[in-house]
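Listing of data_11.pdb; format and content: PDB, C-alpha atoms, pLDDT in the B column.
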```pdb
ATOM      1  CA  MET A   1       0.000   0.000   0.000  1.00 53.00           C
ATOM      2  CA  LYS A   2       2.849   2.377   0.855  1.00 54.00           C
ATOM      3  CA  LYS A   3       4.494   1.679  -2.498  1.00 59.00           C
ATOM      4  CA  ILE A   4       1.272   2.516  -4.366  1.00 51.00           C
ATOM      5  CA  LEU A   5       0.860   5.750  -2.394  1.00 49.00           C
ATOM      6  CA  LEU A   6       4.464   6.755  -3.107  1.00 50.00           C
ATOM      7  CA  MET A   7       3.984   6.025  -6.817  1.00 52.00           C
ATOM      8  CA  VAL A   8       0.830   8.187  -6.953  1.00 45.00           C
ATOM      9  CA  VAL A   9       2.587  11.070  -5.175  1.00 44.00           C
ATOM     10  CA  ALA A  10       5.603  10.758  -7.497  1.00 51.00           C
ATOM     11  CA  ALA A  11       3.333  10.801 -10.578  1.00 49.00           C
ATOM     12  CA  MET A  12       1.559  13.932  -9.329  1.00 46.00           C
ATOM     13  CA  MET A  13       4.869  15.674  -8.637  1.00 48.00           C
ATOM     14  CA  ALA A  14       6.110  14.758 -12.123  1.00 50.00           C
ATOM     15  CA  THR A  15       2.911  16.114 -13.692  1.00 46.00           C
ATOM     16  CA  THR A  16       3.278  19.349 -11.699  1.00 44.00           C
ATOM     17  CA  SER A  17       6.891  19.691 -12.875  1.00 46.00           C
ATOM     18  CA  VAL A  18       5.913  19.194 -16.526  1.00 46.00           C
ATOM     19  CA  ASN A  19       3.099  21.712 -16.213  1.00 44.00           C
ATOM     20  CA  ALA A  20       5.465  24.269 -14.714  1.00 43.00           C
ATOM     21  CA  GLN A  21       7.897  23.759 -17.599  1.00 41.00           C
ATOM     22  CA  ASN A  22       5.086  24.313 -20.093  1.00 47.00           C
ATOM     23  CA  GLY A  23       4.165  27.570 -18.387  1.00 44.00           C
ATOM     24  CA  TYR A  24       0.497  26.554 -18.340  1.00 61.00           C
ATOM     25  CA  ASP A  25      -0.734  28.180 -15.169  1.00 78.00           C
ATOM     26  CA  THR A  26      -4.457  28.979 -15.516  1.00 86.00           C
ATOM     27  CA  LYS A  27      -6.153  28.958 -12.123  1.00 93.00           C
ATOM     28  CA  GLN A  28      -9.890  29.094 -12.922  1.00 97.00           C
ATOM     29  CA  GLU A  29     -12.258  27.447 -15.372  1.00 97.00           C
ATOM     30  CA  VAL A  30     -15.945  27.517 -16.235  1.00 98.00           C
ATOM     31  CA  ALA A  31     -17.778  24.970 -18.374  1.00 98.00           C
ATOM     32  CA  VAL A  32     -21.172  24.294 -19.936  1.00 98.00           C
ATOM     33  CA  SER A  33     -22.214  20.749 -20.890  1.00 98.00           C
ATOM     34  CA  LEU A  34     -25.055  18.563 -22.114  1.00 98.00           C
ATOM     35  CA  GLY A  35     -25.349  14.979 -20.886  1.00 97.00           C
ATOM     36  CA  GLY A  36     -27.452  11.884 -21.353  1.00 93.00           C
ATOM     37  CA  LEU A  37     -28.914   9.150 -19.145  1.00 92.00           C
ATOM     38  CA  SER A  38     -28.635  10.887 -15.780  1.00 95.00           C
ATOM     39  CA  ASN A  39     -29.498   9.405 -12.378  1.00 95.00           C
ATOM     40  CA  SER A  40     -32.890  11.137 -12.569  1.00 93.00           C
ATOM     41  CA  ASP A  41     -33.570   9.548 -15.981  1.00 89.00           C
ATOM     42  CA  ILE A  42     -32.785   6.116 -14.544  1.00 88.00           C
ATOM     43  CA  ILE A  43     -35.004   6.682 -11.479  1.00 86.00           C
ATOM     44  CA  ASN A  44     -37.847   7.749 -13.762  1.00 81.00           C
ATOM     45  CA  ALA A  45     -37.436   4.589 -15.835  1.00 80.00           C
ATOM     46  CA  PHE A  46     -37.838   2.423 -12.712  1.00 83.00           C
ATOM     47  CA  GLU A  47     -40.901   4.430 -11.669  1.00 78.00           C
ATOM     48  CA  THR A  48     -42.430   3.836 -15.106  1.00 72.00           C
ATOM     49  CA  ILE A  49     -41.851   0.089 -14.737  1.00 74.00           C
ATOM     50  CA  GLY A  50     -43.409   0.169 -11.259  1.00 73.00           C
ATOM     51  CA  GLY A  51     -46.452   2.023 -12.572  1.00 69.00           C
ATOM     52  CA  ALA A  52     -46.913  -0.481 -15.389  1.00 67.00           C
ATOM     53  CA  MET A  53     -47.062  -3.295 -12.818  1.00 68.00           C
ATOM     54  CA  VAL A  54     -50.206  -1.728 -11.312  1.00 66.00           C
ATOM     55  CA  GLY A  55     -51.830  -0.875 -14.642  1.00 63.00           C
ATOM     56  CA  VAL A  56     -50.604   2.718 -15.088  1.00 73.00           C
ATOM     57  CA  THR A  57     -48.862   3.257 -18.416  1.00 75.00           C
ATOM     58  CA  THR A  58     -47.070   6.204 -20.031  1.00 76.00           C
ATOM     59  CA  ASP A  59     -46.154   7.215 -23.556  1.00 78.00           C
ATOM     60  CA  ASN A  60     -44.586  10.037 -25.583  1.00 81.00           C
ATOM     61  CA  GLU A  61     -41.694  10.551 -23.189  1.00 83.00           C
ATOM     62  CA  SER A  62     -39.666  13.697 -23.771  1.00 85.00           C
ATOM     63  CA  PHE A  63     -36.348  14.400 -22.035  1.00 86.00           C
ATOM     64  CA  PHE A  64     -34.281  17.592 -21.894  1.00 90.00           C
ATOM     65  CA  GLY A  65     -30.838  17.720 -20.358  1.00 87.00           C
ATOM     66  CA  PRO A  66     -29.185  17.440 -18.074  1.00 96.00           C
ATOM     67  CA  VAL A  67     -27.608  20.801 -18.877  1.00 98.00           C
ATOM     68  CA  SER A  68     -24.801  21.736 -16.482  1.00 98.00           C
ATOM     69  CA  VAL A  69     -22.708  24.761 -15.573  1.00 98.00           C
ATOM     70  CA  GLU A  70     -19.577  24.216 -13.499  1.00 98.00           C
ATOM     71  CA  TYR A  71     -16.746  26.242 -11.987  1.00 98.00           C
ATOM     72  CA  PHE A  72     -13.362  25.125 -10.647  1.00 98.00           C
ATOM     73  CA  TYR A  73     -10.509  26.954  -8.950  1.00 98.00           C
ATOM     74  CA  HIS A  74      -7.136  25.192  -9.039  1.00 96.00           C
ATOM     75  CA  LEU A  75      -5.351  24.996  -5.696  1.00 95.00           C
ATOM     76  CA  ASN A  76      -2.426  23.542  -7.657  1.00 93.00           C
ATOM     77  CA  PRO A  77      -1.973  22.258 -11.225  1.00 91.00           C
ATOM     78  CA  TRP A  78      -3.564  18.842 -10.585  1.00 93.00           C
ATOM     79  CA  LEU A  79      -6.343  19.665  -8.077  1.00 97.00           C
ATOM     80  CA  GLY A  80      -9.346  21.923  -8.634  1.00 97.00           C
ATOM     81  CA  VAL A  81     -12.268  22.593  -6.270  1.00 98.00           C
ATOM     82  CA  GLY A  82     -15.592  24.105  -7.218  1.00 98.00           C
ATOM     83  CA  GLY A  83     -19.222  23.310  -7.879  1.00 98.00           C
ATOM     84  CA  ILE A  84     -21.770  22.137 -10.437  1.00 98.00           C
ATOM     85  CA  ILE A  85     -25.343  23.207 -11.162  1.00 98.00           C
ATOM     86  CA  ALA A  86     -27.356  20.793 -13.334  1.00 98.00           C
ATOM     87  CA  TYR A  87     -30.898  20.990 -14.681  1.00 98.00           C
ATOM     88  CA  GLY A  88     -33.068  18.443 -16.486  1.00 96.00           C
ATOM     89  CA  GLN A  89     -36.722  17.857 -17.233  1.00 95.00           C
ATOM     90  CA  MET A  90     -39.018  15.080 -18.416  1.00 92.00           C
ATOM     91  CA  SER A  91     -42.614  14.955 -19.622  1.00 91.00           C
ATOM     92  CA  GLN A  92     -44.856  12.025 -20.583  1.00 89.00           C
ATOM     93  CA  ASP A  93     -48.513  11.247 -21.249  1.00 87.00           C
ATOM     94  CA  LEU A  94     -50.365   9.299 -18.544  1.00 81.00           C
ATOM     95  CA  PHE A  95     -52.830   6.450 -19.118  1.00 83.00           C
ATOM     96  CA  LEU A  96     -54.595   5.141 -16.013  1.00 79.00           C
ATOM     97  CA  ALA A  97     -56.684   2.433 -17.697  1.00 71.00           C
ATOM     98  CA  GLY A  98     -54.712   1.596 -20.820  1.00 65.00           C
ATOM     99  CA  LYS A  99     -54.091   3.503 -24.023  1.00 66.00           C
ATOM    100  CA  LYS A 100     -57.307   2.325 -25.693  1.00 66.00           C
ATOM    101  CA  ASN A 101     -59.333   4.612 -23.388  1.00 71.00           C
ATOM    102  CA  GLY A 102     -57.322   7.732 -24.255  1.00 73.00           C
ATOM    103  CA  LYS A 103     -54.886   9.923 -22.354  1.00 80.00           C
ATOM    104  CA  ASP A 104     -55.774  10.720 -18.739  1.00 80.00           C
ATOM    105  CA  GLY A 105     -53.175  13.411 -18.069  1.00 84.00           C
ATOM    106  CA  GLU A 106     -49.560  14.519 -18.311  1.00 90.00           C
ATOM    107  CA  ILE A 107     -46.600  14.097 -15.972  1.00 89.00           C
ATOM    108  CA  LYS A 108     -43.864  16.765 -15.818  1.00 94.00           C
ATOM    109  CA  ASN A 109     -40.689  16.419 -13.741  1.00 94.00           C
ATOM    110  CA  HIS A 110     -38.041  19.102 -13.195  1.00 96.00           C
ATOM    111  CA  TYR A 111     -34.653  18.295 -11.620  1.00 97.00           C
ATOM    112  CA  THR A 112     -32.328  21.002 -10.241  1.00 98.00           C
ATOM    113  CA  THR A 113     -29.049  19.808  -8.732  1.00 98.00           C
ATOM    114  CA  LEU A 114     -26.289  21.585  -6.800  1.00 98.00           C
ATOM    115  CA  MET A 115     -23.049  19.709  -6.064  1.00 98.00           C
ATOM    116  CA  PRO A 116     -19.674  20.736  -4.581  1.00 98.00           C
ATOM    117  CA  ALA A 117     -16.983  19.071  -6.699  1.00 98.00           C
ATOM    118  CA  VAL A 118     -13.295  18.258  -7.100  1.00 98.00           C
ATOM    119  CA  LYS A 119     -11.388  17.810 -10.379  1.00 98.00           C
ATOM    120  CA  PHE A 120      -8.168  15.829 -10.738  1.00 98.00           C
ATOM    121  CA  ASP A 121      -6.045  16.827 -13.759  1.00 97.00           C
ATOM    122  CA  TRP A 122      -3.878  13.807 -14.556  1.00 96.00           C
ATOM    123  CA  LEU A 123      -2.447  15.410 -17.707  1.00 95.00           C
ATOM    124  CA  ARG A 124      -2.410  19.193 -18.070  1.00 91.00           C
ATOM    125  CA  LYS A 125      -0.941  20.480 -21.330  1.00 92.00           C
ATOM    126  CA  SER A 126      -1.367  23.786 -23.129  1.00 90.00           C
ATOM    127  CA  HIS A 127      -3.805  22.285 -25.680  1.00 94.00           C
ATOM    128  CA  PHE A 128      -4.880  18.936 -24.205  1.00 96.00           C
ATOM    129  CA  GLY A 129      -5.852  17.472 -20.859  1.00 96.00           C
ATOM    130  CA  VAL A 130      -6.992  14.254 -19.147  1.00 98.00           C
ATOM    131  CA  TYR A 131      -8.906  14.413 -15.875  1.00 98.00           C
ATOM    132  CA  SER A 132     -11.402  12.824 -13.491  1.00 98.00           C
ATOM    133  CA  LYS A 133     -14.163  14.528 -11.517  1.00 98.00           C
ATOM    134  CA  LEU A 134     -16.171  13.763  -8.368  1.00 98.00           C
ATOM    135  CA  ALA A 135     -19.198  15.704  -7.110  1.00 98.00           C
ATOM    136  CA  ILE A 136     -21.702  15.011  -4.308  1.00 98.00           C
ATOM    137  CA  GLY A 137     -24.712  17.166  -3.520  1.00 98.00           C
ATOM    138  CA  ALA A 138     -28.496  17.242  -3.684  1.00 98.00           C
ATOM    139  CA  THR A 139     -31.293  17.323  -6.265  1.00 98.00           C
ATOM    140  CA  LEU A 140     -34.538  19.240  -5.873  1.00 98.00           C
ATOM    141  CA  ARG A 141     -37.184  17.301  -7.793  1.00 96.00           C
ATOM    142  CA  ASN A 142     -40.575  18.766  -8.676  1.00 96.00           C
ATOM    143  CA  GLU A 143     -43.247  16.426 -10.052  1.00 92.00           C
ATOM    144  CA  LYS A 144     -46.545  17.689 -11.467  1.00 93.00           C
ATOM    145  CA  ILE A 145     -49.409  15.577 -12.775  1.00 88.00           C
ATOM    146  CA  ASP A 146     -52.106  17.458 -14.685  1.00 86.00           C
ATOM    147  CA  TYR A 147     -55.196  15.274 -15.110  1.00 86.00           C
ATOM    148  CA  ASP A 148     -57.539  15.774 -18.080  1.00 80.00           C
ATOM    149  CA  SER A 149     -60.539  14.705 -16.029  1.00 73.00           C
ATOM    150  CA  ALA A 150     -62.141  16.625 -13.151  1.00 68.00           C
ATOM    151  CA  ASN A 151     -62.511  13.267 -11.368  1.00 74.00           C
ATOM    152  CA  TYR A 152     -58.869  13.473 -10.252  1.00 76.00           C
ATOM    153  CA  ASP A 153     -57.042  16.176  -8.304  1.00 79.00           C
ATOM    154  CA  ASP A 154     -53.878  17.494  -9.910  1.00 83.00           C
ATOM    155  CA  HIS A 155     -50.657  16.450  -8.157  1.00 85.00           C
ATOM    156  CA  ASP A 156     -47.735  18.761  -7.297  1.00 89.00           C
ATOM    157  CA  ASP A 157     -44.913  17.420  -5.136  1.00 92.00           C
ATOM    158  CA  THR A 158     -41.367  18.617  -4.416  1.00 95.00           C
ATOM    159  CA  SER A 159     -38.680  16.467  -2.793  1.00 95.00           C
ATOM    160  CA  LEU A 160     -34.955  16.650  -2.039  1.00 96.00           C
ATOM    161  CA  HIS A 161     -32.492  13.770  -2.318  1.00 96.00           C
ATOM    162  CA  VAL A 162     -28.749  13.110  -2.392  1.00 97.00           C
ATOM    163  CA  ASN A 163     -27.115  12.938  -5.814  1.00 98.00           C
ATOM    164  CA  TRP A 164     -23.635  12.696  -7.325  1.00 98.00           C
ATOM    165  CA  GLN A 165     -21.471  12.709 -10.448  1.00 98.00           C
ATOM    166  CA  LEU A 166     -18.421  10.516 -10.977  1.00 98.00           C
ATOM    167  CA  SER A 167     -16.652  11.168 -14.268  1.00 98.00           C
ATOM    168  CA  LEU A 168     -13.933   8.538 -14.480  1.00 97.00           C
ATOM    169  CA  LEU A 169     -12.475   9.762 -17.771  1.00 98.00           C
ATOM    170  CA  GLY A 170     -12.503  13.320 -19.048  1.00 98.00           C
ATOM    171  CA  LEU A 171     -10.749  14.444 -22.235  1.00 98.00           C
ATOM    172  CA  GLU A 172     -10.360  18.088 -23.247  1.00 98.00           C
ATOM    173  CA  ALA A 173      -8.701  19.641 -26.283  1.00 98.00           C
ATOM    174  CA  GLY A 174      -8.439  23.039 -27.942  1.00 97.00           C
ATOM    175  CA  SER A 175      -6.639  26.306 -27.340  1.00 95.00           C
ATOM    176  CA  ARG A 176      -4.960  27.358 -24.098  1.00 93.00           C
ATOM    177  CA  GLN A 177      -8.214  28.977 -22.949  1.00 94.00           C
ATOM    178  CA  LEU A 178     -11.170  27.527 -24.898  1.00 97.00           C
ATOM    179  CA  ARG A 179     -11.629  23.764 -25.149  1.00 97.00           C
ATOM    180  CA  GLY A 180     -14.167  21.148 -26.065  1.00 98.00           C
ATOM    181  CA  PHE A 181     -14.473  18.169 -23.750  1.00 98.00           C
ATOM    182  CA  LEU A 182     -15.996  14.706 -23.404  1.00 98.00           C
ATOM    183  CA  GLU A 183     -16.619  12.870 -20.122  1.00 98.00           C
ATOM    184  CA  LEU A 184     -17.604   9.267 -19.395  1.00 98.00           C
ATOM    185  CA  GLY A 185     -18.879   8.142 -16.018  1.00 97.00           C
ATOM    186  CA  THR A 186     -22.119   8.024 -14.053  1.00 97.00           C
ATOM    187  CA  GLY A 187     -24.302  10.453 -12.137  1.00 97.00           C
ATOM    188  CA  GLU A 188     -26.693  13.366 -12.476  1.00 97.00           C
ATOM    189  CA  GLN A 189     -24.743  14.947 -15.348  1.00 98.00           C
ATOM    190  CA  GLY A 190     -25.105  11.685 -17.282  1.00 96.00           C
ATOM    191  CA  ILE A 191     -23.064   8.652 -18.264  1.00 97.00           C
ATOM    192  CA  ALA A 192     -21.650  10.704 -21.142  1.00 97.00           C
ATOM    193  CA  LEU A 193     -21.488  14.471 -21.567  1.00 96.00           C
ATOM    194  CA  ILE A 194     -19.989  16.946 -24.019  1.00 98.00           C
ATOM    195  CA  GLY A 195     -19.338  20.621 -23.592  1.00 98.00           C
ATOM    196  CA  LEU A 196     -17.120  23.691 -23.767  1.00 98.00           C
ATOM    197  CA  ARG A 197     -14.658  24.870 -21.120  1.00 98.00           C
ATOM    198  CA  TYR A 198     -13.014  28.281 -20.697  1.00 98.00           C
ATOM    199  CA  LYS A 199      -9.805  28.534 -18.651  1.00 95.00           C
ATOM    200  CA  PHE A 200      -8.333  31.749 -17.278  1.00 94.00           C
TER
END
```
Represent the structure of the file as structure tokens.
Amino acid sequence: MKKILLMVVAAMMATTSVNAQNGYDTKQEVAVSLGGLSNSDIINAFETIGGAMVGVTTDNESFFGPVSVEYFYHLNPWLGVGGIIAYGQMSQDLFLAGKKNGKDGEIKNHYTTLMPAVKFDWLRKSHFGVYSKLAIGATLRNEKIDYDSANYDDHDDTSLHVNWQLSLLGLEAGSRQLRGFLELGTGEQGIALIGLRYKF
């Protein structure tokens, strides 16, 4: 275990030395991204399956996001701390007694997430970088059900739950300040996300 720890520390020191030689010393960065298959999307899929088991079906699902904005400040060349704000929404038609009887209403979910985060830059060059990212925070979920029939009362519920993002592999490329990036991982930003990052 000690040998592994020493190797990790040595690799970080070597990366810091290379970065210093390159003169690449930006301290701050902001990014905007669009992801797919977030934690909220997965939870909704399980809820749809659960509803189908009791005779409630849905159709015409529409997803937007998650769209994220993030900021990081680098304490040193390989470690950045900051935060992420993510937003997503979903809508679908609701059928209480099967599709043959027509639509009974519409479900709309909105997900707003705030997460403190850390970013580990494993390779930090003037025009290319490799990194990982970890964020843990909370999602505010608002669910509304608008029924077409006066026989049912409309539903409006807001809840708060823990959420996260773990991007195991992040790749960025471009100029010294403006870069495109791709991340693969899991969490509320999605299992895959693309975006633009500005460093200064």
Please report the interatomic distance between CA of Thr57 (chain A) and CA of Asn44 (chain A) in Å with one decimal.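 According to the coordinates, CA of Thr57 (chain A) and CA of Asn44 (chain A) are separated by 12.8 Å.
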With all atoms listed in the file as the basis for distance, which of A:Asp104, A:Glu143, A:Asp121, A:Glu70 is at the shortest distance from Met90 (chain A)? A:Glu143
Once the PyMOL selection byres ((chain A and resi 188) around 7) has been applied to the shown file, what residues remain in the selection, as a ChimeraX atom specification? /A:38-40,163-165,187,189-190
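Applied to the file shown here, the PyMOL selection byres ((chain A and resi 172) around 6) selects Phe128, Gly129, Leu171, Ala173, Gly180 and Phe181 of chain A.
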Output file for the residues above (C-alpha atoms, as a CSV table (one decimal), in the coordinates of the input):
```csv
chain,number,residue,atom,x,y,z
A,128,PHE,CA,-4.9,18.9,-24.2
A,129,GLY,CA,-5.9,17.5,-20.9
A,171,LEU,CA,-10.7,14.4,-22.2
A,173,ALA,CA,-8.7,19.6,-26.3
A,180,GLY,CA,-14.2,21.1,-26.1
A,181,PHE,CA,-14.5,18.2,-23.8
```
Computed interatomic separation between CA of Lys119 (chain A) and CA of Ser175 (chain A) (Å): 19.6 Å
If you apply the PyMOL selection byres ((chain A and resi 93) around 10) to this file, what residues do you get, as a ChimeraX atom specification? /A:57-62,91-92,94-95,99,102-108,145-147
Which one is closest to Tyr198 (chain A): A:Gly80, A:Gly88, A:Gly174, A:Gly35? Count only C-alpha atoms. A:Gly174
Enter the distance from CA of Ala135 (chain A) to CA of Glu183 (chain A), in Å, rounded to one decimal.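 Value for the CA of Ala135 (chain A)-CA of Glu183 (chain A) distance: 13.6 Å.
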Need the shell around His74 (chain A): protein/DNA/RNA residues with any atom at most 10 Å away, counting all atoms listed in the file. Skip same-chain ones fewer than 2 positions apart. Format as an MDAnalysis selection string? chainID A and resid 25:29 72 76:82 118:121
Could those residues be written to a file, using C-alpha atoms, as a JSON list (two decimals), in the coordinates of the input?
```
[["chain", "number", "residue", "atom", "x", "y", "z"],
["A", 25, "ASP", "CA", -0.73, 28.18, -15.17],
["A", 26, "THR", "CA", -4.46, 28.98, -15.52],
["A", 27, "LYS", "CA", -6.15, 28.96, -12.12],
["A", 28, "GLN", "CA", -9.89, 29.09, -12.92],
["A", 29, "GLU", "CA", -12.26, 27.45, -15.37],
["A", 72, "PHE", "CA", -13.36, 25.12, -10.65],
["A", 76, "ASN", "CA", -2.43, 23.54, -7.66],
["A", 77, "PRO", "CA", -1.97, 22.26, -11.22],
["A", 78, "TRP", "CA", -3.56, 18.84, -10.58],
["A", 79, "LEU", "CA", -6.34, 19.66, -8.08],
["A", 80, "GLY", "CA", -9.35, 21.92, -8.63],
["A", 81, "VAL", "CA", -12.27, 22.59, -6.27],
["A", 82, "GLY", "CA", -15.59, 24.10, -7.22],
["A", 118, "VAL", "CA", -13.30, 18.26, -7.10],
["A", 119, "LYS", "CA", -11.39, 17.81, -10.38],
["A", 120, "PHE", "CA", -8.17, 15.83, -10.74],
["A", 121, "ASP", "CA", -6.04, 16.83, -13.76]]
```
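The smallest atom-to-atom distance between Phe63 (chain A) and any of A:Ile42, A:Val130, A:Leu140, A:Leu75, using all atoms listed in the file, is found for A:Ile42.
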Let me make sure I understand: among A:Gln89, A:Ser132, A:Ser167, A:Ser33, which one has the smallest atom-to-atom distance to Val67 (chain A) if we use only C-alpha atoms?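 Residue with the minimum atom-to-atom distance to Val67 (chain A): A:Ser33.
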